[in-house]
file entry.cif (mmCIF, C-alpha atoms)
data_protein
loop_
_atom_site.label_atom_id
_atom_site.label_comp_id
_atom_site.auth_asym_id
_atom_site.auth_seq_id
_atom_site.Cartn_x
_atom_site.Cartn_y
_atom_site.Cartn_z
CA MET A 507 40.76 4.86 -60.02
CA ALA A 508 41.92 2.47 -62.73
CA GLU A 509 39.32 0.34 -64.46
CA SER A 510 40.12 -3.29 -63.64
CA ALA A 511 39.80 -6.11 -66.16
CA ALA A 512 36.71 -7.59 -64.51
CA SER A 513 34.89 -4.30 -64.12
CA PRO A 514 32.29 -4.19 -61.35
CA SER A 515 28.66 -3.27 -61.93
CA PRO A 516 27.91 0.45 -62.20
CA MET A 517 26.31 0.38 -58.76
CA MET A 518 29.35 -1.24 -57.13
CA GLN A 519 31.57 1.25 -58.93
CA GLY A 520 29.44 4.06 -57.52
CA VAL A 521 29.74 2.62 -54.01
CA ARG A 522 33.51 2.35 -54.53
CA ASP A 523 33.78 5.93 -55.81
CA SER A 524 32.04 7.11 -52.65
CA THR A 525 34.80 5.70 -50.39
CA PRO A 526 37.08 8.79 -50.21
CA VAL A 527 34.01 10.95 -49.73
CA VAL A 528 32.65 8.83 -46.90
CA VAL A 529 36.07 8.93 -45.19
CA ALA A 530 36.45 12.66 -45.75
CA ILE A 531 33.01 13.60 -44.43
CA LEU A 532 33.28 11.35 -41.36
CA PRO A 533 34.66 14.10 -39.08
CA PHE A 534 32.04 16.53 -40.35
CA GLY A 535 29.14 14.15 -39.89
CA VAL A 536 30.27 13.30 -36.37
CA LEU A 537 31.08 16.92 -35.58
CA PHE A 538 27.70 18.07 -36.87
CA GLY A 539 25.89 15.49 -34.75
CA ALA A 540 27.84 16.47 -31.65
CA LEU A 541 27.42 20.23 -32.20
CA ALA A 542 23.74 19.89 -32.97
CA VAL A 543 23.11 18.17 -29.65
CA ALA A 544 25.32 20.73 -27.90
CA ASN A 545 23.17 23.48 -29.47
CA GLY A 546 19.99 22.04 -28.00
CA LEU A 547 18.70 19.78 -30.77
CA THR A 548 17.60 16.30 -29.83
CA PRO A 549 19.53 13.43 -31.49
CA PHE A 550 16.37 12.78 -33.53
CA GLU A 551 16.36 16.35 -34.86
CA ALA A 552 20.08 16.18 -35.68
CA VAL A 553 19.61 12.97 -37.68
CA LEU A 554 16.45 14.36 -39.30
CA MET A 555 18.45 17.36 -40.50
CA SER A 556 21.13 15.20 -42.08
CA ALA A 557 18.61 12.83 -43.64
CA THR A 558 16.35 15.51 -45.13
CA ILE A 559 18.63 18.51 -45.79
CA PHE A 560 21.83 16.53 -46.56
CA ALA A 561 24.05 19.59 -47.01
CA GLY A 562 26.73 19.93 -44.35
CA ALA A 563 27.70 23.60 -44.51
CA SER A 564 24.08 24.76 -44.35
CA GLN A 565 23.33 22.36 -41.50
CA MET A 566 26.19 23.86 -39.49
CA VAL A 567 24.74 27.30 -40.14
CA GLY A 568 21.31 26.02 -39.18
CA ILE A 569 22.29 24.71 -35.76
CA GLU A 570 24.26 27.88 -35.13
CA LEU A 571 21.07 29.90 -35.69
CA PHE A 572 18.85 27.48 -33.74
CA GLY A 573 20.93 28.26 -30.70
CA ARG A 574 19.90 31.92 -30.80
CA GLU A 575 16.59 33.75 -30.78
CA ILE A 576 16.17 34.01 -34.55
CA SER A 577 12.88 33.79 -36.43
CA PRO A 578 12.22 30.46 -38.18
CA ALA A 579 11.71 32.25 -41.51
CA LEU A 580 15.19 33.73 -41.31
CA ILE A 581 16.73 30.35 -40.50
CA VAL A 582 15.00 28.80 -43.50
CA PHE A 583 16.20 31.67 -45.69
CA ALA A 584 19.77 31.22 -44.45
CA LEU A 585 19.62 27.52 -45.36
CA PHE A 586 18.34 28.46 -48.81
CA ALA A 587 21.10 31.02 -49.32
CA VAL A 588 23.89 28.66 -48.29
CA ASN A 589 22.52 25.94 -50.51
CA PHE A 590 21.92 28.18 -53.50
CA ARG A 591 25.01 26.79 -55.25
CA HIS A 592 23.00 23.60 -55.90
CA VAL A 593 21.04 25.55 -58.53
CA LEU A 594 24.21 25.51 -60.61
CA TYR A 595 24.81 21.79 -60.01
CA SER A 596 21.20 21.07 -60.85
CA ALA A 597 21.37 22.91 -64.16
CA ALA A 598 24.64 21.19 -65.08
CA ILE A 599 23.58 17.64 -64.16
CA GLY A 600 19.97 18.02 -65.26
CA ARG A 601 20.98 18.33 -68.90
CA ARG A 602 22.84 15.00 -68.67
CA ILE A 603 19.97 12.92 -67.25
CA THR A 604 17.01 14.18 -69.29
CA ASP A 605 16.35 10.67 -70.61
CA TRP A 606 15.73 9.26 -67.12
CA PRO A 607 12.12 8.73 -65.90
CA ILE A 608 10.79 11.76 -64.00
CA GLY A 609 10.62 9.99 -60.64
CA ARG A 610 14.21 8.83 -60.97
CA GLN A 611 15.32 12.36 -61.87
CA ALA A 612 13.46 13.71 -58.82
CA ALA A 613 15.26 11.21 -56.58
CA ALA A 614 18.59 12.00 -58.24
CA PHE A 615 18.26 15.69 -57.37
CA PHE A 616 17.62 14.81 -53.73
CA VAL A 617 21.11 13.28 -53.34
CA LEU A 618 22.85 15.90 -55.51
CA CYS A 619 25.56 17.10 -53.10
CA ASP A 620 29.04 18.56 -53.83
CA PRO A 621 31.00 15.29 -54.19
CA VAL A 622 28.27 13.45 -56.12
CA TYR A 623 27.99 16.38 -58.49
CA ALA A 624 31.75 16.57 -58.93
CA GLU A 625 32.15 12.83 -59.59
CA ALA A 626 29.26 12.90 -62.09
CA GLU A 627 30.92 15.80 -63.92
CA ARG A 628 34.20 13.90 -63.92
CA LYS A 629 32.43 11.00 -65.62
CA ALA A 630 30.91 13.33 -68.22
CA GLU A 631 34.37 14.86 -68.68
CA ARG A 632 35.71 11.47 -69.77
CA GLY A 633 32.84 11.07 -72.21
CA LEU A 634 31.11 8.42 -70.08
CA PRO A 635 27.34 8.32 -69.57
CA ILE A 636 25.93 8.88 -66.07
CA GLU A 637 24.39 5.48 -65.31
CA PRO A 638 21.55 5.46 -62.77
CA GLY A 639 23.13 2.50 -60.94
CA TRP A 640 26.41 4.33 -60.56
CA TYR A 641 24.74 7.62 -59.59
CA PHE A 642 22.56 6.13 -56.87
CA GLY A 643 25.30 3.71 -55.78
CA MET A 644 27.38 6.74 -54.93
CA GLY A 645 24.63 9.18 -53.90
CA VAL A 646 22.75 6.85 -51.58
CA THR A 647 25.97 5.60 -49.98
CA VAL A 648 27.10 9.14 -49.21
CA TRP A 649 23.61 10.01 -47.90
CA LEU A 650 23.48 6.89 -45.75
CA PHE A 651 26.90 7.43 -44.20
CA TRP A 652 26.28 11.14 -43.62
CA THR A 653 23.14 10.26 -41.72
CA LEU A 654 24.81 7.43 -39.75
CA GLN A 655 27.79 9.63 -38.91
CA THR A 656 25.42 12.27 -37.59
CA ALA A 657 23.74 9.70 -35.37
CA LEU A 658 27.16 8.58 -34.16
CA GLY A 659 28.17 12.17 -33.39
CA ALA A 660 24.90 12.88 -31.62
CA ALA A 661 25.34 9.76 -29.47
CA PHE A 662 29.08 9.82 -28.79
CA GLY A 663 30.09 13.38 -29.70
CA GLY A 664 31.92 13.97 -26.46
CA LEU A 665 34.33 11.09 -26.97
CA ILE A 666 36.62 12.59 -29.65
CA ASP A 667 38.61 15.11 -27.65
CA ASP A 668 41.10 16.15 -30.31
CA PRO A 669 39.90 15.88 -33.93
CA HIS A 670 42.71 18.27 -34.91
CA ALA A 671 45.48 15.81 -33.97
CA LEU A 672 43.91 13.26 -36.30
CA GLY A 673 43.94 15.74 -39.19
CA LEU A 674 40.20 15.35 -39.46
CA ASP A 675 39.40 19.01 -40.01
CA PHE A 676 41.54 19.38 -43.15
CA LEU A 677 40.68 16.22 -45.10
CA LEU A 678 37.80 17.81 -46.95
CA PRO A 679 39.82 20.74 -48.40
CA ILE A 680 42.40 18.23 -49.68
CA TYR A 681 39.67 16.14 -51.27
CA PHE A 682 38.08 19.21 -52.86
CA LEU A 683 41.47 20.28 -54.19
CA GLY A 684 41.75 16.90 -55.90
CA LEU A 685 38.40 17.52 -57.56
CA VAL A 686 39.43 21.03 -58.63
CA MET A 687 42.61 19.60 -60.18
CA SER A 688 40.64 16.97 -62.07
CA PHE A 689 38.86 19.73 -64.01
CA ARG A 690 42.09 21.39 -65.15
CA SER A 691 41.62 20.47 -68.83
CA ARG A 692 38.47 22.59 -69.09
CA PRO A 693 38.60 25.91 -70.94
CA LEU A 694 39.38 28.92 -68.74
CA TRP A 695 40.21 26.64 -65.78
CA ALA A 696 43.10 28.76 -64.44
CA PRO A 697 41.36 32.16 -64.57
CA VAL A 698 38.18 30.64 -63.11
CA VAL A 699 40.04 29.02 -60.21
CA LEU A 700 42.04 32.19 -59.61
CA ALA A 701 38.93 34.38 -59.55
CA SER A 702 37.10 31.97 -57.24
CA ALA A 703 40.04 31.67 -54.88
CA LEU A 704 40.50 35.42 -54.66
CA ALA A 705 36.81 36.26 -54.29
CA SER A 706 36.21 33.50 -51.73
CA VAL A 707 39.16 34.59 -49.60
CA LEU A 708 37.99 38.21 -49.69
CA ALA A 709 34.38 37.25 -48.99
CA TYR A 710 35.48 34.97 -46.15
CA ARG A 711 37.30 37.87 -44.60
CA PHE A 712 34.91 40.75 -45.22
CA VAL A 713 31.48 39.15 -45.49
CA GLY A 714 31.96 35.98 -43.50
CA SER A 715 31.35 32.27 -43.82
CA PRO A 716 29.36 30.68 -45.45
CA TRP A 717 28.82 33.45 -48.00
CA HIS A 718 32.32 32.95 -49.40
CA VAL A 719 31.03 29.84 -51.17
CA SER A 720 28.31 31.63 -53.13
CA ILE A 721 30.32 34.79 -53.75
CA GLY A 722 33.51 32.98 -54.76
CA GLY A 723 31.60 30.55 -56.96
CA LEU A 724 29.75 33.35 -58.73
CA ALA A 725 33.02 35.21 -59.34
CA GLY A 726 34.55 32.20 -61.07
CA VAL A 727 31.42 31.51 -63.10
CA ALA A 728 31.23 35.19 -64.08
CA VAL A 729 34.77 35.06 -65.45
CA ALA A 730 33.79 32.12 -67.66
CA ALA A 731 30.53 33.75 -68.77
CA LEU A 732 32.11 37.11 -69.58
CA ALA A 733 35.23 35.80 -71.31
CA PRO A 734 35.11 36.04 -75.11
CA PRO A 735 33.49 32.89 -76.55
CA PRO A 736 36.04 30.69 -78.37
CA LYS A 737 34.72 30.97 -81.94
CA THR A 738 31.18 32.27 -82.54
CA VAL A 739 30.65 36.03 -82.70
CA GLU A 740 28.19 37.37 -80.16
CA ALA A 741 25.30 39.50 -81.41
CA ASP A 742 25.44 41.68 -78.33
CA GLY A 743 27.19 41.83 -74.99
CA MET B 465 11.96 22.92 -34.49
CA THR B 466 11.10 19.86 -36.53
CA TRP B 467 9.02 22.03 -38.84
CA VAL B 468 11.87 24.48 -39.38
CA ILE B 469 14.10 21.55 -40.32
CA LEU B 470 11.53 20.21 -42.77
CA ALA B 471 11.04 23.68 -44.29
CA GLY B 472 14.81 23.90 -44.64
CA ALA B 473 14.76 20.50 -46.37
CA VAL B 474 12.12 21.73 -48.82
CA VAL B 475 14.00 24.90 -49.80
CA THR B 476 17.23 22.87 -50.10
CA TYR B 477 15.49 20.44 -52.44
CA LEU B 478 14.20 23.41 -54.45
CA THR B 479 17.79 24.57 -55.01
CA ARG B 480 18.69 21.04 -56.14
CA ILE B 481 15.89 20.71 -58.67
CA GLY B 482 15.43 24.41 -59.51
CA GLY B 483 18.42 24.86 -61.78
CA HIS B 484 17.25 22.01 -63.96
CA LEU B 485 13.60 23.15 -64.04
CA VAL B 486 14.62 26.64 -65.11
CA LEU B 487 17.24 25.53 -67.61
CA SER B 488 15.03 22.95 -69.32
CA ARG B 489 12.91 25.86 -70.59
CA PHE B 490 15.70 26.82 -72.96
CA ASP B 491 15.46 25.10 -76.36
CA GLU B 492 19.14 25.67 -76.85
CA ILE B 493 21.67 26.62 -74.22
CA PRO B 494 23.29 30.01 -75.04
CA PRO B 495 27.10 29.71 -75.36
CA ARG B 496 27.77 32.00 -72.42
CA VAL B 497 25.44 30.01 -70.19
CA GLU B 498 27.17 26.85 -71.38
CA ALA B 499 30.60 28.36 -70.60
CA ALA B 500 29.33 29.44 -67.18
CA LEU B 501 27.98 25.95 -66.42
CA ASN B 502 31.25 24.33 -67.45
CA ALA B 503 33.06 26.57 -64.97
CA VAL B 504 30.74 25.72 -62.06
CA PRO B 505 32.56 22.78 -60.49
CA ALA B 506 36.03 24.33 -60.41
CA ALA B 507 34.61 27.70 -59.35
CA VAL B 508 32.55 26.42 -56.44
CA LEU B 509 34.97 23.73 -55.26
CA THR B 510 37.81 26.27 -55.19
CA THR B 511 35.90 28.29 -52.59
CA LEU B 512 35.94 25.24 -50.32
CA VAL B 513 39.75 25.05 -50.58
CA ALA B 514 41.15 28.60 -50.69
CA PRO B 515 39.91 30.15 -47.41
CA PRO B 516 40.66 27.10 -45.21
CA LEU B 517 44.09 26.87 -46.85
CA LEU B 518 44.88 30.53 -46.20
CA HIS B 519 43.96 30.15 -42.55
CA ALA B 520 45.95 26.93 -42.09
CA GLY B 521 49.60 26.39 -41.20
CA PRO B 522 52.81 24.91 -42.69
CA VAL B 523 51.67 21.29 -42.26
CA GLU B 524 48.44 21.90 -44.18
CA TRP B 525 50.30 23.87 -46.84
CA ALA B 526 52.84 21.07 -47.29
CA ALA B 527 50.08 18.46 -47.50
CA THR B 528 48.17 20.57 -50.03
CA ILE B 529 51.16 21.33 -52.24
CA VAL B 530 52.33 17.71 -52.37
CA ALA B 531 48.79 16.42 -52.91
CA GLY B 532 48.32 19.00 -55.67
CA LEU B 533 51.51 17.82 -57.39
CA VAL B 534 50.49 14.17 -57.02
CA ALA B 535 47.16 15.07 -58.66
CA LEU B 536 49.07 16.05 -61.82
CA ARG B 537 50.18 12.43 -62.32
CA ALA B 538 47.92 10.16 -60.26
CA GLY B 539 44.25 9.56 -59.52
CA LEU B 540 42.07 11.21 -56.91
CA MET B 541 42.39 8.45 -54.31
CA THR B 542 46.21 8.39 -54.45
CA MET B 543 46.26 12.16 -54.22
CA PHE B 544 43.86 12.17 -51.27
CA LEU B 545 45.70 9.48 -49.31
CA THR B 546 49.06 11.18 -49.90
CA GLY B 547 47.73 14.47 -48.59
CA ALA B 548 46.08 12.80 -45.60
CA ALA B 549 49.30 10.92 -44.73
CA ILE B 550 51.41 14.07 -44.82
CA LEU B 551 48.84 15.92 -42.76
CA LEU B 552 48.69 13.20 -40.12
CA ALA B 553 52.48 12.73 -40.00
CA GLY B 554 53.11 16.48 -39.86
CA ARG B 555 50.68 17.08 -37.04
CA PHE B 556 51.99 14.09 -35.13
CA LEU B 557 55.60 15.24 -35.44
CA LEU B 558 54.89 18.89 -34.69
CA ALA B 559 52.38 18.33 -31.92
#

call {"tool": "encode", "arguments": {"input": "entry.cif", "output": "structure tokens"}}
result
Amino acid sequence: MAESAASPSPMMQGVRDSTPVVVAILPFGVLFGALAVANGLTPFEAVLMSATIFAGASQMVGIELFGREISPALIVFALFAVNFRHVLYSAAIGRRITDWPIGRQAAAFFVLCDPVYAEAERKAERGLPIEPGWYFGMGVTVWLFWTLQTALGAAFGGLIDDPHALGLDFLLPIYFLGLVMSFRSRPLWAPVVLASALASVLAYRFVGSPWHVSIGGLAGVAVAALAPPPKTVEADG
Amino acid sequence: MTWVILAGAVVTYLTRIGGHLVLSRFDEIPPRVEAALNAVPAAVLTTLVAPPLLHAGPVEWAATIVAGLVALRAGLMTMFLTGAAILLAGRFLLA
């Protein structure tokens, strides 16, 4: 993503930065829409989920539970649990946008999903400010396409008979790997990634999806929190 | 069912704004909290890569390894497209 001589406006740059994300989430948006309808949701409910919850993994869990006889409270709790990682994103991004008006901050948190968070952190990493135009250019574009893809899946879900042959199911892991690699200059990167990888694989196997995300993430964060601080002496452990 | 979806949307929004609301109560961020926050992206994003990778096959492994190496020298988009191309080619050839 080289900066060209005639650099585009922050908003256009945000829209541009959303391109790989929009491509990568396409199969998931369509798949979600199709599965939601297959699980008994109306197309309206499928699109409503994407537009208001806007968190793919939890939505997949949600429609899985809708299909069974499970109490609404438990479904809502499951959504909360799967999405709990956003608390960490929120804390990390919140400290970088404290000078924004409250309403704008509130809107920013609504579109705070994995790729938007990661791209915002990448900007901060390079010492760049998070401009509102860029942030919403990216966030709203991802939100819009996620919602449209869901509608597409809900309407035409039966038409893609082999997403596997198109490689659609593995694009997102490759994209996420690229994001992981982009953080490699941070302190403790290797031990954090190692701990997360190990814990998530174990959790995936012994606890089950989607808990591997929270458990693996916490393991990596714990390594960073418990490692000896670089210079200052701690008063207590 | 609409109400369950909307309730799910509310709790999801709470997770998105909650971290900031809680953290803004600190006057100064303790070093260990700071270190933990800096580790968040790599820690969480790794969990979205490792399990799918482990349960994939040679084509996915090849695509991931090459894309990972490309990421050492090139930008995210180049890395992503390289990985996607290998994945598509590999599945096409081995189908």

call {"tool": "interface_residues", "arguments": {"input": "entry.cif", "of": "chain A", "to": "chain B", "cutoff": "7 Å", "atoms": "all atoms listed in the file", "output": "NGL selection string"}}
result
:A and (507 or 526 or 551 or 555 or 558-559 or 578 or 582 or 585-586 or 589-590 or 592-594 or 596-598 or 600 or 615-616 or 618 or 624 or 671-673 or 677 or 679-684 or 686-687 or 689 or 698-699 or 702-703 or 706-707 or 710 or 718-719 or 722-723 or 726-728 or 730-731)

call {"tool": "residues_around", "arguments": {"input": "entry.cif", "residues": "Ser564 (chain A)", "least_positions_apart": "2", "cutoff": "9 Å", "atoms": "all atoms listed in the file", "output": "list in words"}}
result
Ile559, Phe560, Ala561, Gly562, Met566, Val567, Gly568, Ile569, Ala584, Leu585, Phe586, Ala587, Val588, Asn589 and Pro716 of chain A

call {"tool": "atom_distance", "arguments": {"input": "entry.cif", "atom1": "CA of Gly659 (chain A)", "atom2": "CA of Leu537 (chain A)"}}
result
6.0 Å

call {"tool": "atom_distance", "arguments": {"input": "entry.cif", "atom1": "CA of Met518 (chain A)", "atom2": "CA of Ala557 (chain A)"}}
result
22.3 Å

call {"tool": "residues_around", "arguments": {"input": "entry.cif", "residues": "Val617 (chain A)", "least_positions_apart": "3", "cutoff": "10 Å", "atoms": "all atoms listed in the file", "output": "list of chain:residue names"}}
result
A:Thr558, A:Ile559, A:Phe560, A:Ala561, A:Ala612, A:Ala613, A:Ala614, A:Asp620, A:Val622, A:Tyr623, A:Tyr641, A:Phe642, A:Met644, A:Gly645, A:Val646, A:Thr647, A:Val648, A:Trp649, B:Tyr477, B:Arg480

call {"tool": "closest_residue", "arguments": {"input": "entry.cif", "among": "A:Cys619, A:Leu678, A:Ala657, A:Ile599", "to": "Ile636 (chain A)", "atoms": "only C-alpha atoms"}}
result
A:Ile599

call {"tool": "atom_distance", "arguments": {"input": "entry.cif", "atom1": "CA of Val543 (chain A)", "atom2": "CA of Ala661 (chain A)"}}
result
8.7 Å

call {"tool": "decode", "arguments": {"input": "entry.cif", "residues": "region 530-543 of chain B", "atoms": "N, CA, C and O atoms", "output": "PDB file, in the first residue's frame"}}
result
ATOM      1  N   VAL B 530       4.122 -19.290   1.760  1.00  0.00           N
ATOM      2  CA  VAL B 530       4.599 -18.329   0.758  1.00  0.00           C
ATOM      3  C   VAL B 530       4.082 -16.925   1.078  1.00  0.00           C
ATOM      4  O   VAL B 530       4.837 -15.950   1.050  1.00  0.00           O
ATOM      5  N   ALA B 531       2.800 -16.827   1.425  1.00  0.00           N
ATOM      6  CA  ALA B 531       2.234 -15.509   1.749  1.00  0.00           C
ATOM      7  C   ALA B 531       2.947 -14.914   2.960  1.00  0.00           C
ATOM      8  O   ALA B 531       3.229 -13.709   3.002  1.00  0.00           O
ATOM      9  N   GLY B 532       3.258 -15.764   3.944  1.00  0.00           N
ATOM     10  CA  GLY B 532       3.980 -15.293   5.129  1.00  0.00           C
ATOM     11  C   GLY B 532       5.362 -14.762   4.779  1.00  0.00           C
ATOM     12  O   GLY B 532       5.794 -13.735   5.310  1.00  0.00           O
ATOM     13  N   LEU B 533       6.041 -15.444   3.846  1.00  0.00           N
ATOM     14  CA  LEU B 533       7.368 -14.980   3.415  1.00  0.00           C
ATOM     15  C   LEU B 533       7.251 -13.679   2.623  1.00  0.00           C
ATOM     16  O   LEU B 533       8.060 -12.769   2.794  1.00  0.00           O
ATOM     17  N   VAL B 534       6.234 -13.598   1.771  1.00  0.00           N
ATOM     18  CA  VAL B 534       6.025 -12.369   0.994  1.00  0.00           C
ATOM     19  C   VAL B 534       5.785 -11.193   1.946  1.00  0.00           C
ATOM     20  O   VAL B 534       6.246 -10.079   1.711  1.00  0.00           O
ATOM     21  N   ALA B 535       5.080 -11.471   3.053  1.00  0.00           N
ATOM     22  CA  ALA B 535       4.761 -10.411   4.010  1.00  0.00           C
ATOM     23  C   ALA B 535       6.016  -9.806   4.635  1.00  0.00           C
ATOM     24  O   ALA B 535       5.990  -8.670   5.116  1.00  0.00           O
ATOM     25  N   LEU B 536       7.131 -10.559   4.618  1.00  0.00           N
ATOM     26  CA  LEU B 536       8.376 -10.023   5.184  1.00  0.00           C
ATOM     27  C   LEU B 536       8.932  -8.886   4.329  1.00  0.00           C
ATOM     28  O   LEU B 536       9.655  -8.033   4.827  1.00  0.00           O
ATOM     29  N   ARG B 537       8.605  -8.889   3.033  1.00  0.00           N
ATOM     30  CA  ARG B 537       9.193  -7.901   2.115  1.00  0.00           C
ATOM     31  C   ARG B 537       8.165  -6.978   1.475  1.00  0.00           C
ATOM     32  O   ARG B 537       8.497  -5.899   1.027  1.00  0.00           O
ATOM     33  N   ALA B 538       6.920  -7.401   1.364  1.00  0.00           N
ATOM     34  CA  ALA B 538       5.932  -6.623   0.605  1.00  0.00           C
ATOM     35  C   ALA B 538       4.741  -6.235   1.477  1.00  0.00           C
ATOM     36  O   ALA B 538       4.644  -6.646   2.629  1.00  0.00           O
ATOM     37  N   GLY B 539       3.847  -5.454   0.907  1.00  0.00           N
ATOM     38  CA  GLY B 539       2.675  -4.973   1.632  1.00  0.00           C
ATOM     39  C   GLY B 539       1.595  -6.026   1.771  1.00  0.00           C
ATOM     40  O   GLY B 539       1.686  -7.117   1.198  1.00  0.00           O
ATOM     41  N   LEU B 540       0.557  -5.661   2.499  1.00  0.00           N
ATOM     42  CA  LEU B 540      -0.518  -6.595   2.826  1.00  0.00           C
ATOM     43  C   LEU B 540      -1.244  -7.089   1.571  1.00  0.00           C
ATOM     44  O   LEU B 540      -1.530  -8.272   1.441  1.00  0.00           O
ATOM     45  N   MET B 541      -1.528  -6.159   0.641  1.00  0.00           N
ATOM     46  CA  MET B 541      -2.286  -6.526  -0.552  1.00  0.00           C
ATOM     47  C   MET B 541      -1.521  -7.527  -1.415  1.00  0.00           C
ATOM     48  O   MET B 541      -2.080  -8.530  -1.859  1.00  0.00           O
ATOM     49  N   THR B 542      -0.219  -7.271  -1.618  1.00  0.00           N
ATOM     50  CA  THR B 542       0.619  -8.190  -2.400  1.00  0.00           C
ATOM     51  C   THR B 542       0.631  -9.561  -1.754  1.00  0.00           C
ATOM     52  O   THR B 542       0.485 -10.600  -2.405  1.00  0.00           O
ATOM     53  N   MET B 543       0.811  -9.548  -0.436  1.00  0.00           N
ATOM     54  CA  MET B 543       0.850 -10.790   0.332  1.00  0.00           C
ATOM     55  C   MET B 543      -0.465 -11.558   0.170  1.00  0.00           C
ATOM     56  O   MET B 543      -0.469 -12.765  -0.089  1.00  0.00           O
TER      57      MET B 543
END
